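Below is run_2.csv, which holds CSV, C-alpha atoms.
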```csv
chain,number,residue,atom,x,y,z
X,283,MET,CA,-53.5,10.5,-16.2
X,284,ARG,CA,-50.1,11.1,-14.6
X,285,ASN,CA,-50.0,14.0,-12.1
X,286,PRO,CA,-47.6,16.5,-13.8
X,287,SER,CA,-46.5,18.1,-10.6
X,288,LEU,CA,-45.9,14.8,-8.8
X,289,PHE,CA,-44.1,13.4,-11.9
X,290,SER,CA,-41.8,16.5,-12.0
X,291,LEU,CA,-41.1,16.2,-8.3
X,292,LEU,CA,-40.1,12.5,-8.7
X,293,CYS,CA,-37.9,13.3,-11.6
X,294,PHE,CA,-36.3,16.1,-9.7
X,295,LEU,CA,-35.6,13.9,-6.7
X,296,LEU,CA,-34.1,11.2,-8.9
X,297,ILE,CA,-31.8,13.7,-10.6
X,298,VAL,CA,-30.8,15.2,-7.2
X,299,ASP,CA,-30.2,11.7,-5.8
X,300,GLY,CA,-28.2,10.7,-8.8
X,301,VAL,CA,-26.1,13.9,-8.6
X,302,ALA,CA,-25.6,13.3,-4.9
X,303,PHE,CA,-24.5,9.7,-5.5
X,304,ALA,CA,-22.0,10.8,-8.2
X,305,ALA,CA,-20.7,13.6,-6.0
X,306,GLU,CA,-20.3,11.2,-3.1
X,307,HIS,CA,-18.5,8.6,-5.3
X,308,ALA,CA,-16.2,11.3,-6.7
X,309,GLY,CA,-15.6,12.5,-3.2
X,310,GLN,CA,-14.5,9.1,-2.2
X,311,VAL,CA,-12.0,9.0,-5.0
X,312,VAL,CA,-10.6,12.3,-4.0
X,313,ALA,CA,-10.8,11.4,-0.3
X,314,ILE,CA,-8.8,8.2,-0.6
X,315,ASP,CA,-6.0,10.0,-2.4
X,316,GLU,CA,-6.0,12.7,0.2
X,317,ILE,CA,-5.9,10.1,3.0
X,318,LEU,CA,-3.0,8.2,1.5
X,319,GLN,CA,-1.0,11.4,0.9
X,320,ASN,CA,-1.6,12.6,4.4
X,321,ASN,CA,-0.7,9.3,5.8
X,322,LEU,CA,2.5,9.3,3.7
X,323,LYS,CA,3.4,12.8,5.1
X,324,ALA,CA,2.8,11.5,8.6
X,325,VAL,CA,5.0,8.4,8.4
X,326,ARG,CA,7.8,9.8,6.3
X,327,ALA,CA,9.7,12.8,7.6
X,328,GLN,CA,11.3,13.4,4.2
X,329,SER,CA,9.0,14.1,1.3
X,330,SER,CA,11.2,12.1,-1.1
X,331,LEU,CA,11.3,9.1,1.2
X,332,ASP,CA,8.1,7.3,0.2
X,333,ASN,CA,9.6,3.8,0.9
X,334,VAL,CA,12.7,2.4,2.4
X,335,GLU,CA,15.2,-0.1,0.9
X,336,ASN,CA,15.6,-2.2,4.1
X,337,ALA,CA,14.9,-2.3,7.8
X,338,ASN,CA,16.8,-3.8,10.8
X,339,THR,CA,14.6,-3.8,13.9
X,340,VAL,CA,15.1,-5.2,17.5
X,341,LEU,CA,11.9,-6.4,19.1
X,342,GLN,CA,10.7,-7.5,22.5
X,343,ILE,CA,7.8,-9.9,22.1
X,344,SER,CA,5.7,-10.8,25.1
X,345,GLU,CA,2.9,-13.4,25.2
X,346,ALA,CA,1.0,-15.1,28.0
X,347,ASP,CA,3.9,-17.3,29.2
X,348,TYR,CA,7.1,-15.9,27.7
X,349,THR,CA,9.0,-12.8,26.7
X,350,VAL,CA,11.7,-13.0,24.0
X,351,LEU,CA,14.0,-10.8,22.1
X,352,ALA,CA,14.1,-10.8,18.3
X,353,ARG,CA,15.7,-9.2,15.4
X,354,TYR,CA,13.7,-8.6,12.2
X,355,ARG,CA,15.3,-7.7,8.9
X,356,ALA,CA,13.7,-7.1,5.6
X,357,SER,CA,14.6,-5.7,2.2
X,358,ALA,CA,12.5,-4.1,-0.6
X,359,ASP,CA,13.5,-6.8,-3.0
X,360,GLY,CA,11.2,-9.2,-1.0
X,361,TYR,CA,13.7,-11.0,1.3
X,362,MET,CA,13.6,-11.1,5.1
X,363,ARG,CA,14.5,-13.0,8.2
X,364,ILE,CA,13.7,-12.9,11.9
X,365,ASP,CA,15.8,-14.5,14.7
X,366,VAL,CA,14.2,-15.1,18.1
X,367,PHE,CA,16.3,-15.5,21.3
X,368,GLY,CA,15.5,-16.9,24.7
X,369,ASP,CA,18.1,-15.3,27.0
X,370,ASP,CA,21.1,-15.2,24.7
X,371,THR,CA,20.3,-18.4,22.8
X,372,ARG,CA,18.8,-18.4,19.4
X,373,VAL,CA,15.6,-20.6,19.6
X,374,PHE,CA,14.0,-20.0,16.2
X,375,SER,CA,14.7,-18.3,12.9
X,376,GLU,CA,12.7,-18.0,9.7
X,377,GLY,CA,12.9,-16.0,6.5
X,378,LYS,CA,12.5,-15.7,2.8
X,379,ASP,CA,15.3,-15.7,0.3
X,380,GLU,CA,15.8,-16.4,-3.4
X,381,GLU,CA,15.2,-20.1,-2.8
X,382,GLY,CA,11.9,-19.6,-1.0
X,383,VAL,CA,10.7,-19.5,2.6
X,384,TRP,CA,12.7,-21.4,5.3
X,385,GLU,CA,12.8,-21.9,9.1
X,386,TRP,CA,15.5,-23.0,11.4
X,387,ARG,CA,14.4,-24.3,14.8
X,388,GLY,CA,16.8,-24.3,17.7
X,389,GLY,CA,18.6,-27.6,18.0
X,390,LYS,CA,18.3,-28.3,14.3
X,391,ALA,CA,21.6,-28.6,12.3
X,392,ALA,CA,20.4,-26.5,9.4
X,393,PRO,CA,17.4,-24.5,8.1
X,394,GLU,CA,14.6,-26.2,6.1
X,395,ASN,CA,12.2,-25.1,3.4
X,396,VAL,CA,8.7,-24.7,4.6
X,397,TYR,CA,5.3,-24.4,2.7
X,398,HIS,CA,2.7,-23.7,5.4
X,399,ASP,CA,0.4,-20.7,5.8
X,400,GLY,CA,3.1,-18.7,7.5
X,401,VAL,CA,4.7,-18.2,4.1
X,402,GLY,CA,2.1,-15.6,3.2
X,403,ALA,CA,2.4,-13.9,6.6
X,404,LEU,CA,6.1,-13.3,6.0
X,405,GLU,CA,5.5,-11.8,2.6
X,406,HIS,CA,2.7,-9.6,4.0
X,407,GLY,CA,5.0,-8.3,6.7
X,408,ILE,CA,7.6,-7.1,4.1
X,409,GLU,CA,4.9,-5.1,2.4
X,410,PHE,CA,3.6,-3.4,5.5
X,411,ASN,CA,6.9,-2.9,7.2
X,412,LEU,CA,8.7,-1.3,4.3
X,413,PHE,CA,6.1,0.4,2.1
X,414,PRO,CA,3.6,3.1,3.1
X,415,LEU,CA,-0.1,2.7,2.2
X,416,ALA,CA,0.3,5.2,-0.7
X,417,ARG,CA,2.8,2.9,-2.4
X,418,LEU,CA,0.8,-0.3,-2.2
X,419,PRO,CA,-1.4,0.3,-5.3
X,420,ASP,CA,1.9,0.6,-7.4
X,421,ARG,CA,2.9,-2.8,-6.0
X,422,GLY,CA,-0.2,-4.5,-7.3
X,423,HIS,CA,-2.4,-4.2,-4.2
X,424,ASP,CA,-5.9,-2.6,-3.9
X,425,VAL,CA,-6.6,0.1,-1.3
X,426,GLU,CA,-10.1,1.4,-1.0
X,427,LEU,CA,-12.0,3.7,1.4
X,428,VAL,CA,-14.9,1.8,2.9
X,429,GLY,CA,-16.2,4.2,5.5
X,430,ARG,CA,-15.6,6.1,8.7
X,431,GLU,CA,-15.9,4.7,12.2
X,432,THR,CA,-15.6,6.0,15.7
X,433,ILE,CA,-13.6,3.6,18.0
X,434,ARG,CA,-12.8,4.4,21.6
X,435,ASP,CA,-13.8,8.1,21.0
X,436,LYS,CA,-11.5,8.5,18.0
X,437,GLU,CA,-12.6,9.1,14.5
X,438,TYR,CA,-11.1,6.8,11.8
X,439,PHE,CA,-11.1,6.5,8.0
X,440,VAL,CA,-11.4,2.7,7.3
X,441,LEU,CA,-9.3,1.5,4.4
X,442,LYS,CA,-9.7,-2.0,3.1
X,443,VAL,CA,-6.4,-3.4,1.7
X,444,THR,CA,-6.5,-6.4,-0.5
X,445,LEU,CA,-3.0,-7.7,-1.3
X,446,SER,CA,-2.2,-9.3,-4.6
X,447,ASP,CA,-2.5,-12.8,-3.1
X,448,GLY,CA,-6.1,-12.1,-2.0
X,449,PHE,CA,-5.4,-11.5,1.7
X,450,GLU,CA,-7.7,-8.8,3.2
X,451,THR,CA,-6.9,-6.5,6.0
X,452,TYR,CA,-8.5,-3.2,7.3
X,453,ARG,CA,-6.4,-0.2,8.3
X,454,TYR,CA,-7.8,2.5,10.4
X,455,VAL,CA,-6.3,5.9,9.7
X,456,ASN,CA,-6.7,8.4,12.6
X,457,ALA,CA,-8.6,11.4,11.2
X,458,GLU,CA,-6.5,13.8,13.3
X,459,THR,CA,-3.0,12.4,13.1
X,460,TRP,CA,-3.3,10.4,9.8
X,461,LEU,CA,-1.4,7.6,11.4
X,462,VAL,CA,-2.7,4.0,11.3
X,463,ASP,CA,-3.7,3.4,14.9
X,464,LEU,CA,-5.5,0.1,14.3
X,465,SER,CA,-5.6,-2.8,11.9
X,466,ARG,CA,-8.1,-5.7,11.8
X,467,ASP,CA,-8.1,-8.9,9.9
X,468,PHE,CA,-9.2,-12.6,10.1
X,469,ARG,CA,-6.1,-14.7,10.2
X,470,ALA,CA,-4.1,-17.2,12.2
X,471,PHE,CA,-1.9,-15.5,14.8
X,472,HIS,CA,0.8,-18.2,14.7
X,473,PRO,CA,0.4,-19.8,11.2
X,474,GLY,CA,2.3,-23.0,10.8
X,475,ILE,CA,2.1,-23.7,14.5
X,476,ASP,CA,-1.6,-23.1,15.0
X,477,ASP,CA,-3.6,-22.3,11.8
X,478,THR,CA,-6.8,-21.4,13.7
X,479,LYS,CA,-8.0,-18.1,12.3
X,480,LYS,CA,-9.4,-15.4,14.6
X,481,ASN,CA,-10.7,-11.9,14.3
X,482,LEU,CA,-7.7,-9.9,15.4
X,483,GLU,CA,-7.1,-6.3,16.1
X,484,THR,CA,-3.6,-4.8,16.2
X,485,ARG,CA,-3.2,-1.5,18.1
X,486,TYR,CA,-0.3,0.8,17.3
X,487,ASP,CA,1.0,3.6,19.5
X,488,GLN,CA,4.1,5.1,21.1
X,489,TRP,CA,5.2,6.6,17.7
X,490,GLU,CA,8.9,7.2,17.1
X,491,ARG,CA,11.0,8.5,14.3
X,492,THR,CA,14.3,7.1,13.0
X,493,ASP,CA,16.1,7.7,9.7
X,494,GLY,CA,13.2,9.7,8.4
X,495,VAL,CA,10.7,6.9,9.1
X,496,VAL,CA,7.9,7.3,11.7
X,497,PHE,CA,6.8,3.9,13.2
X,498,ALA,CA,4.9,2.6,16.2
X,499,GLY,CA,7.1,1.7,19.1
X,500,ARG,CA,4.4,-0.6,20.6
X,501,MET,CA,2.0,-3.0,19.0
X,502,GLN,CA,-0.7,-4.9,20.9
X,503,SER,CA,-2.5,-7.9,19.3
X,504,VAL,CA,-6.1,-8.4,20.6
X,505,ASP,CA,-8.5,-11.2,20.1
X,506,LEU,CA,-11.7,-9.3,19.2
X,507,GLU,CA,-14.0,-12.2,20.3
X,508,THR,CA,-12.6,-12.3,23.9
X,509,GLY,CA,-11.0,-8.8,24.2
X,510,ALA,CA,-7.8,-10.4,25.5
X,511,VAL,CA,-4.4,-9.0,24.6
X,512,ILE,CA,-2.6,-12.0,23.3
X,513,ALA,CA,0.8,-10.3,22.5
X,514,THR,CA,2.6,-7.1,23.0
X,515,THR,CA,5.6,-6.1,20.8
X,516,LEU,CA,7.9,-3.3,21.7
X,517,ILE,CA,10.4,-1.8,19.2
X,518,LEU,CA,13.6,-1.4,21.1
X,519,GLY,CA,15.6,-0.1,18.2
X,520,SER,CA,15.3,0.3,14.5
X,521,ARG,CA,17.4,1.4,11.6
X,522,TYR,CA,16.6,1.9,7.9
X,523,ASN,CA,18.5,2.0,4.6
X,524,ILE,CA,21.6,0.5,6.1
X,525,ALA,CA,24.4,-1.1,4.0
X,526,ARG,CA,23.2,-4.3,2.4
X,527,GLU,CA,26.0,-6.4,3.8
X,528,GLU,CA,24.9,-5.5,7.3
X,529,LEU,CA,21.5,-7.1,6.9
X,530,ASN,CA,22.8,-10.7,7.0
X,531,LEU,CA,19.7,-12.1,5.3
X,532,ALA,CA,21.3,-15.4,4.2
X,533,ARG,CA,19.7,-18.4,5.7
X,534,SER,CA,23.1,-19.8,6.5
X,535,TYR,CA,23.9,-16.8,8.7
X,536,VAL,CA,24.4,-17.8,12.4
X,537,PRO,CA,23.8,-14.9,14.9
X,538,GLY,CA,26.4,-14.6,17.5
X,539,GLY,CA,23.8,-13.9,20.3
X,540,ALA,CA,20.8,-11.8,21.2
X,541,PRO,CA,20.8,-8.4,19.6
X,542,LYS,CA,22.1,-5.3,21.4
X,543,LEU,CA,20.4,-1.9,21.1
X,544,SER,CA,23.6,-0.4,19.8
X,545,GLU,CA,23.7,-2.7,16.8
```

Translate this structure into structure tokens?
Amino acid sequence: MRNPSLFSLLCFLLIVDGVAFAAEHAGQVVAIDEILQNNLKAVRAQSSLDNVENANTVLQISEADYTVLARYRASADGYMRIDVFGDDTRVFSEGKDEEGVWEWRGGKAAPENVYHDGVGALEHGIEFNLFPLARLPDRGHDVELVGRETIRDKEYFVLKVTLSDGFETYRYVNAETWLVDLSRDFRAFHPGIDDTKKNLETRYDQWERTDGVVFAGRMQSVDLETGAVIATTLILGSRYNIAREELNLARSYVPGGAPKLSE
């Protein structure tokens, strides 16, 4: 014969556990919305500015054996280009326009269409450089809260972002500042040149504000398997929502020289 008291206790525990699970699940739904909204407030100085129409950024990129200047430009309609300079000479350009993704190596007479894995990387960059996390679900991407983690004595909410093309990345939102201090993903660092995928961590700091947008002034890319810093990128200047004709996104555009901070 079943023990009534034991049976009642088991039923009670199951009910409590079920309620706890439902509450935890509901809490996650509320929490993810709260995290996204707090992050939005942290990265946009104006409440109505939840995304930007375009960006024009001057970068200094340093890797093991070189340092170069670059200008990155992108627009919310999905177009971008980046021009890389050694001294005052353009050595490489790539971008995406209405005809697809292209690259223009120094010494070549004209740009060429490309179809390697770097195509996706350029498209991902547009999403993360122009749109805050709170806007990604509206653009067809998935953002979910997968846990909390303490890294180097800082507490983070861990968000898994799955872009519409299937690419997965993890964004670590600082529980105090609501800024994304870290991202982690498994990808090639220089797709199209070396397609070897690695576990990479990008660290964001030196936060700045321009034109109502808060952004990291420094980004460090780290190989998580070795702990080595493989690249450091400094933002030397950035402008947002500039006149469309100033972007010069056309693949036929030939820069006059390395960018100046006043541009």

Next item on the list: Compare X:Glu405, X:Asp493, X:Glu394, X:Asp370 by their minimum atom-to-atom distance to Leu331 in chain X, counting all atoms listed in the file, and give me the closest one.
Entry: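 When distances to Leu331 in chain X are compared using all atoms listed in the file, the smallest one comes from X:Asp493.
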
Notebook entry, point to check: Which is closest to Arg430 in chain X among X:Ile314, X:Ala337, X:Val401, X:Asp447, if we use all atoms listed in the file?
Noted result: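 Between X:Ile314, X:Ala337, X:Val401, X:Asp447, the residue approaching Arg430 in chain X most closely is X:Ile314.
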
Item checked: Gap from CA of Leu318 in chain X to CA of Glu507 in chain X - Å, one decimal -> 29.8 Å

Note to self: Need the shell around Arg469 in chain X: protein/DNA/RNA residues with any atom at most 12 Å away, counting all atoms listed in the file. Skip same-chain ones fewer than 5 positions apart. Format as a PyMOL selection string?
What the structure shows: chain X and resi 399-400+402-403+406+449-451+474+476-484+503+505-506

Using all atoms listed in the file, I'd like a table of the residues in range 447-521 of chain X that come within 12 Å of range 413-417 of chain X; for each, show the closest atom pair and its distance in Å rounded to one decimal, ordered by chain and ascending number, as JSON lines.
```
{"residue": "X:Tyr452", "atom": "CA", "partner": "X:Leu415", "partner_atom": "CA", "distance": 11.5}
{"residue": "X:Arg453", "atom": "CA", "partner": "X:Leu415", "partner_atom": "CA", "distance": 9.2}
{"residue": "X:Tyr454", "atom": "CA", "partner": "X:Leu415", "partner_atom": "CA", "distance": 11.3}
{"residue": "X:Val455", "atom": "CA", "partner": "X:Leu415", "partner_atom": "CA", "distance": 10.2}
{"residue": "X:Trp460", "atom": "CA", "partner": "X:Leu415", "partner_atom": "CA", "distance": 11.3}
{"residue": "X:Leu461", "atom": "CA", "partner": "X:Leu415", "partner_atom": "CA", "distance": 10.5}
{"residue": "X:Val462", "atom": "CA", "partner": "X:Leu415", "partner_atom": "CA", "distance": 9.6}
{"residue": "X:Val495", "atom": "CA", "partner": "X:Pro414", "partner_atom": "CA", "distance": 10.0}
{"residue": "X:Val496", "atom": "CA", "partner": "X:Pro414", "partner_atom": "CA", "distance": 10.5}
{"residue": "X:Phe497", "atom": "CA", "partner": "X:Pro414", "partner_atom": "CA", "distance": 10.6}
```
